[in-house]
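Colleague: So I've got this file, protein-v4.tsv, and it contains TSV, C-alpha atoms and all ligand atoms:
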```
chain	number	residue	atom	x	y	z
H	1	MET	CA	0.00	0.00	0.00
H	2	THR	CA	1.43	3.38	-1.00
H	3	THR	CA	0.66	6.90	0.08
H	4	ASP	CA	-1.87	9.03	-1.82
H	5	VAL	CA	-1.41	9.20	-5.57
H	6	HIS	CA	-1.63	12.76	-6.86
H	7	LYS	CA	0.55	12.81	-9.91
H	8	ILE	CA	0.91	10.08	-12.54
H	9	LEU	CA	3.25	10.01	-15.49
H	10	VAL	CA	2.43	7.93	-18.56
H	11	ILE	CA	5.31	7.07	-20.91
H	12	HIS	CA	4.63	5.74	-24.40
H	13	GLY	CA	7.58	4.24	-26.28
H	14	PRO	CA	8.54	3.98	-29.94
H	15	ASN	CA	5.99	3.79	-32.75
H	16	LEU	CA	3.09	4.35	-30.37
H	17	ASN	CA	2.75	7.82	-31.93
H	18	MET	CA	1.51	5.89	-34.99
H	19	LEU	CA	-1.39	4.21	-33.19
H	20	GLY	CA	-4.54	4.17	-35.28
H	21	LYS	CA	-2.47	3.77	-38.44
H	22	ARG	CA	-0.19	1.05	-37.13
H	23	GLU	CA	-1.34	-2.58	-37.49
H	24	PRO	CA	-4.87	-1.69	-36.31
H	25	ASP	CA	-5.85	-5.35	-36.14
H	26	ILE	CA	-3.26	-5.74	-33.37
H	27	TYR	CA	-3.15	-2.31	-31.74
H	28	GLY	CA	-6.65	-0.97	-32.37
H	29	THR	CA	-7.96	2.02	-34.28
H	30	GLU	CA	-7.62	4.64	-31.56
H	31	SER	CA	-4.90	7.24	-31.95
H	32	LEU	CA	-2.47	8.03	-29.15
H	33	ALA	CA	-4.12	11.43	-28.74
H	34	GLU	CA	-7.46	9.67	-28.21
H	35	ILE	CA	-5.96	7.31	-25.64
H	36	ASP	CA	-4.33	10.24	-23.81
H	37	ALA	CA	-7.64	12.14	-23.86
H	38	TRP	CA	-9.42	9.11	-22.35
H	39	LEU	CA	-6.74	8.89	-19.64
H	40	ARG	CA	-6.99	12.63	-18.94
H	41	GLN	CA	-10.76	12.41	-18.57
H	42	ARG	CA	-10.40	9.59	-16.06
H	43	ALA	CA	-7.58	11.36	-14.20
H	44	ASP	CA	-9.58	14.62	-13.98
H	45	ALA	CA	-12.56	12.72	-12.58
H	46	VAL	CA	-10.49	11.49	-9.63
H	47	ASN	CA	-8.33	14.60	-9.21
H	48	ILE	CA	-5.11	13.11	-10.44
H	49	GLU	CA	-2.61	15.31	-12.20
H	50	LEU	CA	-1.60	13.49	-15.37
H	51	GLU	CA	1.43	13.94	-17.55
H	52	THR	CA	1.80	12.00	-20.78
H	53	PHE	CA	4.97	11.63	-22.81
H	54	GLN	CA	5.88	9.81	-26.02
H	55	THR	CA	9.29	9.32	-27.57
H	56	ASN	CA	10.82	7.04	-30.15
H	57	HIS	CA	14.19	7.16	-28.34
H	58	GLU	CA	15.44	4.82	-25.62
H	59	GLY	CA	17.57	7.52	-23.98
H	60	GLY	CA	14.57	9.85	-23.98
H	61	ILE	CA	12.65	7.33	-21.87
H	62	VAL	CA	15.60	6.95	-19.46
H	63	GLU	CA	15.93	10.74	-19.11
H	64	LYS	CA	12.20	11.20	-18.56
H	65	ILE	CA	12.21	8.59	-15.77
H	66	GLN	CA	15.25	10.22	-14.12
H	67	GLU	CA	13.68	13.66	-14.40
H	68	ALA	CA	10.46	12.36	-12.80
H	69	MET	CA	12.24	11.02	-9.70
H	70	GLY	CA	10.74	12.49	-6.56
H	71	ARG	CA	8.13	14.35	-8.61
H	72	ILE	CA	5.53	11.68	-9.40
H	73	ASP	CA	3.58	9.15	-7.32
H	74	GLY	CA	3.02	6.53	-9.98
H	75	LEU	CA	4.32	5.57	-13.41
H	76	ILE	CA	2.48	3.84	-16.26
H	77	ILE	CA	4.86	2.78	-19.02
H	78	ASN	CA	4.51	1.06	-22.36
H	79	PRO	CA	8.13	0.78	-23.52
H	80	ALA	CA	6.89	-0.78	-26.79
H	81	ALA	CA	9.75	-2.57	-28.62
H	82	TYR	CA	12.26	-1.53	-25.92
H	83	THR	CA	10.34	-3.81	-23.55
H	84	HIS	CA	12.18	-6.72	-25.07
H	85	THR	CA	15.68	-5.26	-25.19
H	86	SER	CA	16.31	-2.43	-22.76
H	87	VAL	CA	18.44	-2.98	-19.67
H	88	ALA	CA	18.77	0.83	-19.53
H	89	ILE	CA	15.01	1.35	-19.09
H	90	ARG	CA	14.87	-1.44	-16.52
H	91	ASP	CA	17.71	0.18	-14.56
H	92	ALA	CA	16.00	3.58	-14.72
H	93	ILE	CA	12.76	2.08	-13.37
H	94	LEU	CA	14.74	0.60	-10.50
H	95	LEU	CA	15.67	4.16	-9.48
H	96	LEU	CA	12.04	4.81	-8.58
H	97	ASP	CA	10.47	4.19	-5.23
H	98	ILE	CA	6.86	4.35	-6.47
H	99	PRO	CA	4.43	1.88	-8.06
H	100	VAL	CA	5.12	1.28	-11.74
H	101	ILE	CA	2.72	-0.50	-14.11
H	102	GLU	CA	3.88	-1.90	-17.45
H	103	VAL	CA	1.14	-1.77	-20.08
H	104	HIS	CA	0.92	-3.47	-23.47
H	105	LEU	CA	-2.00	-3.00	-25.79
H	106	SER	CA	-1.56	-6.46	-27.28
H	107	ASN	CA	-1.08	-9.73	-25.44
H	108	ILE	CA	2.67	-10.05	-25.91
H	109	TYR	CA	2.58	-13.72	-24.84
H	110	LYS	CA	0.29	-14.64	-27.74
H	111	ARG	CA	2.63	-13.15	-30.34
H	112	GLU	CA	6.12	-13.87	-31.75
H	113	SER	CA	8.44	-15.54	-29.26
H	114	PHE	CA	10.82	-12.53	-29.16
H	115	ARG	CA	7.95	-10.56	-27.56
H	116	HIS	CA	7.41	-13.11	-24.79
H	117	HIS	CA	10.25	-11.78	-22.69
H	118	SER	CA	10.00	-8.41	-20.99
H	119	MET	CA	13.27	-6.94	-19.73
H	120	ILE	CA	11.33	-4.70	-17.39
H	121	ALA	CA	8.68	-7.06	-15.96
H	122	GLY	CA	10.94	-7.97	-13.04
H	123	ALA	CA	11.36	-4.30	-12.13
H	124	VAL	CA	7.69	-3.21	-12.10
H	125	SER	CA	4.79	-3.64	-9.68
H	126	ALA	CA	2.41	-5.13	-12.24
H	127	GLN	CA	1.95	-5.83	-15.92
H	128	ILE	CA	-1.20	-5.46	-18.03
H	129	SER	CA	-1.02	-7.10	-21.45
H	130	GLY	CA	-3.78	-7.56	-24.00
H	131	LEU	CA	-6.53	-5.23	-22.76
H	132	GLY	CA	-6.00	-2.72	-25.57
H	133	ALA	CA	-6.28	0.96	-24.67
H	134	TYR	CA	-8.32	0.06	-21.60
H	135	GLY	CA	-5.10	-1.31	-20.11
H	136	TYR	CA	-3.94	2.26	-19.48
H	137	ILE	CA	-7.23	3.10	-17.74
H	138	ALA	CA	-7.04	-0.04	-15.62
H	139	ALA	CA	-3.48	0.94	-14.65
H	140	LEU	CA	-4.57	4.45	-13.67
H	141	ASP	CA	-7.46	3.06	-11.62
H	142	ALA	CA	-5.15	0.60	-9.86
H	143	LEU	CA	-2.70	3.37	-8.98
H	144	HIS	CA	-5.50	5.66	-7.83
H	145	SER	CA	-7.01	2.90	-5.69
H	146	ARG	CA	-3.57	2.37	-4.16
H	147	LEU	CA	-3.82	-1.30	-4.97
H	148	LEU	CA	-0.05	-1.53	-5.35
H	201	LIG	C1	3.57	-3.28	-27.44
H	201	LIG	C2	4.10	-4.71	-27.74
H	201	LIG	C3	5.52	-4.67	-28.23
H	201	LIG	O1	6.00	-5.97	-28.52
H	201	LIG	C4	5.62	-3.85	-29.51
H	201	LIG	O2	6.96	-3.73	-29.93
H	201	LIG	C5	4.99	-2.51	-29.38
H	201	LIG	C6	3.75	-2.37	-28.63
H	201	LIG	C7	2.08	-3.29	-27.10
H	201	LIG	O3	1.60	-2.27	-26.59
H	201	LIG	O4	1.37	-4.28	-27.34
H	201	LIG	O5	5.44	-1.54	-30.01
H	201	LIG	O6	4.27	-2.78	-26.33
```
Before anything else, please render the file you have as structure tokens.

Modeller:
Amino acid sequence: MTTDVHKILVIHGPNLNMLGKREPDIYGTESLAEIDAWLRQRADAVNIELETFQTNHEGGIVEKIQEAMGRIDGLIINPAAYTHTSVAIRDAILLLDIPVIEVHLSNIYKRESFRHHSMIAGAVSAQISGLGAYGYIAALDALHSRLL
């Protein structure tokens, strides 16, 4: 159980800026802007300050996590392809002393075998995989409810 959650950061990794146009049968037809708007609506309803961030660069994710240290109460992260490769993002997450939820739109365990391993799963509080855009909302609700 954590203390009150006031500020949540959502990090979207590479190619997620192309949502809506990118393999819609796998990732859905909603754009990233639409997903962020849905998250913002939910955050506003429960008085959570929300910050969303997308980058296609691994170092950009690391720097954002470092910069957020001591400033946020919860992190929701979809590292996208870096999920499967990045020790640097895992190490950055380990700097944080707050609940962190890893989100994947698709069920990574149902897909190619190289997607079955998450480098960061062992460094986060929970993982949501396969709920589509609702996974982000479920993560926000879990953080808000201080389930973690
Ligand atoms: C993803 C799954 C990853 O394997 C993939 O590289 C992505 C998106 C997802 O949200 O399902 O870019 O993280």

Colleague: Using only C-alpha atoms and all ligand atoms, which protein or nucleic acid residues are at most 9 Å from ligand LIG 201 (chain H), as a PyMOL selection string?

Modeller: chain H and resi 12-16+26-27+78-84+102-108+111-112+114-116+118+129-130+132-133

Colleague: Using Å and a single decimal, report how far atom CA of H:Asp97 sits from atom CA of H:Ala37.

Modeller: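 Separation of atom CA of H:Ala37 and atom CA of H:Asp97: 27.2 Å.
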
Colleague: Determine the nearest neighbour of H:Gly59 from the options H:Arg90, H:Lys110, H:Lys21, H:Ala142, counting all atoms listed in the file.

Modeller: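 Comparing H:Arg90, H:Lys110, H:Lys21, H:Ala142 against H:Gly59, the winner is H:Arg90.
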
Colleague: Which of these, H:His57, H:His117, H:Arg71, H:His144, has the shortest distance to H:Thr85 once you count all atoms listed in the file?

Modeller: H:His117

Colleague: Hey, which of H:Val5, H:Leu94, H:Ile101, H:Ile89 ends up closest to H:Ile128? Count only C-alpha atoms.

Modeller: H:Ile101

Colleague: Name the residues in contact with H:Leu32 at a cut-off of 7 Å, using only C-alpha atoms, excluding same-chain residues fewer than 4 positions from it; report them as a compact mmCIF listing (two decimals) with C-alpha atoms, keeping the file's coordinate frame.

Modeller:
```txt
# COMPACT_ATOMS: atom_id res chain seq x y z
CA LEU H 16 3.09 4.35 -30.37
CA ASN H 17 2.75 7.82 -31.93
CA LEU H 19 -1.39 4.21 -33.19
CA ASP H 36 -4.33 10.24 -23.81
```
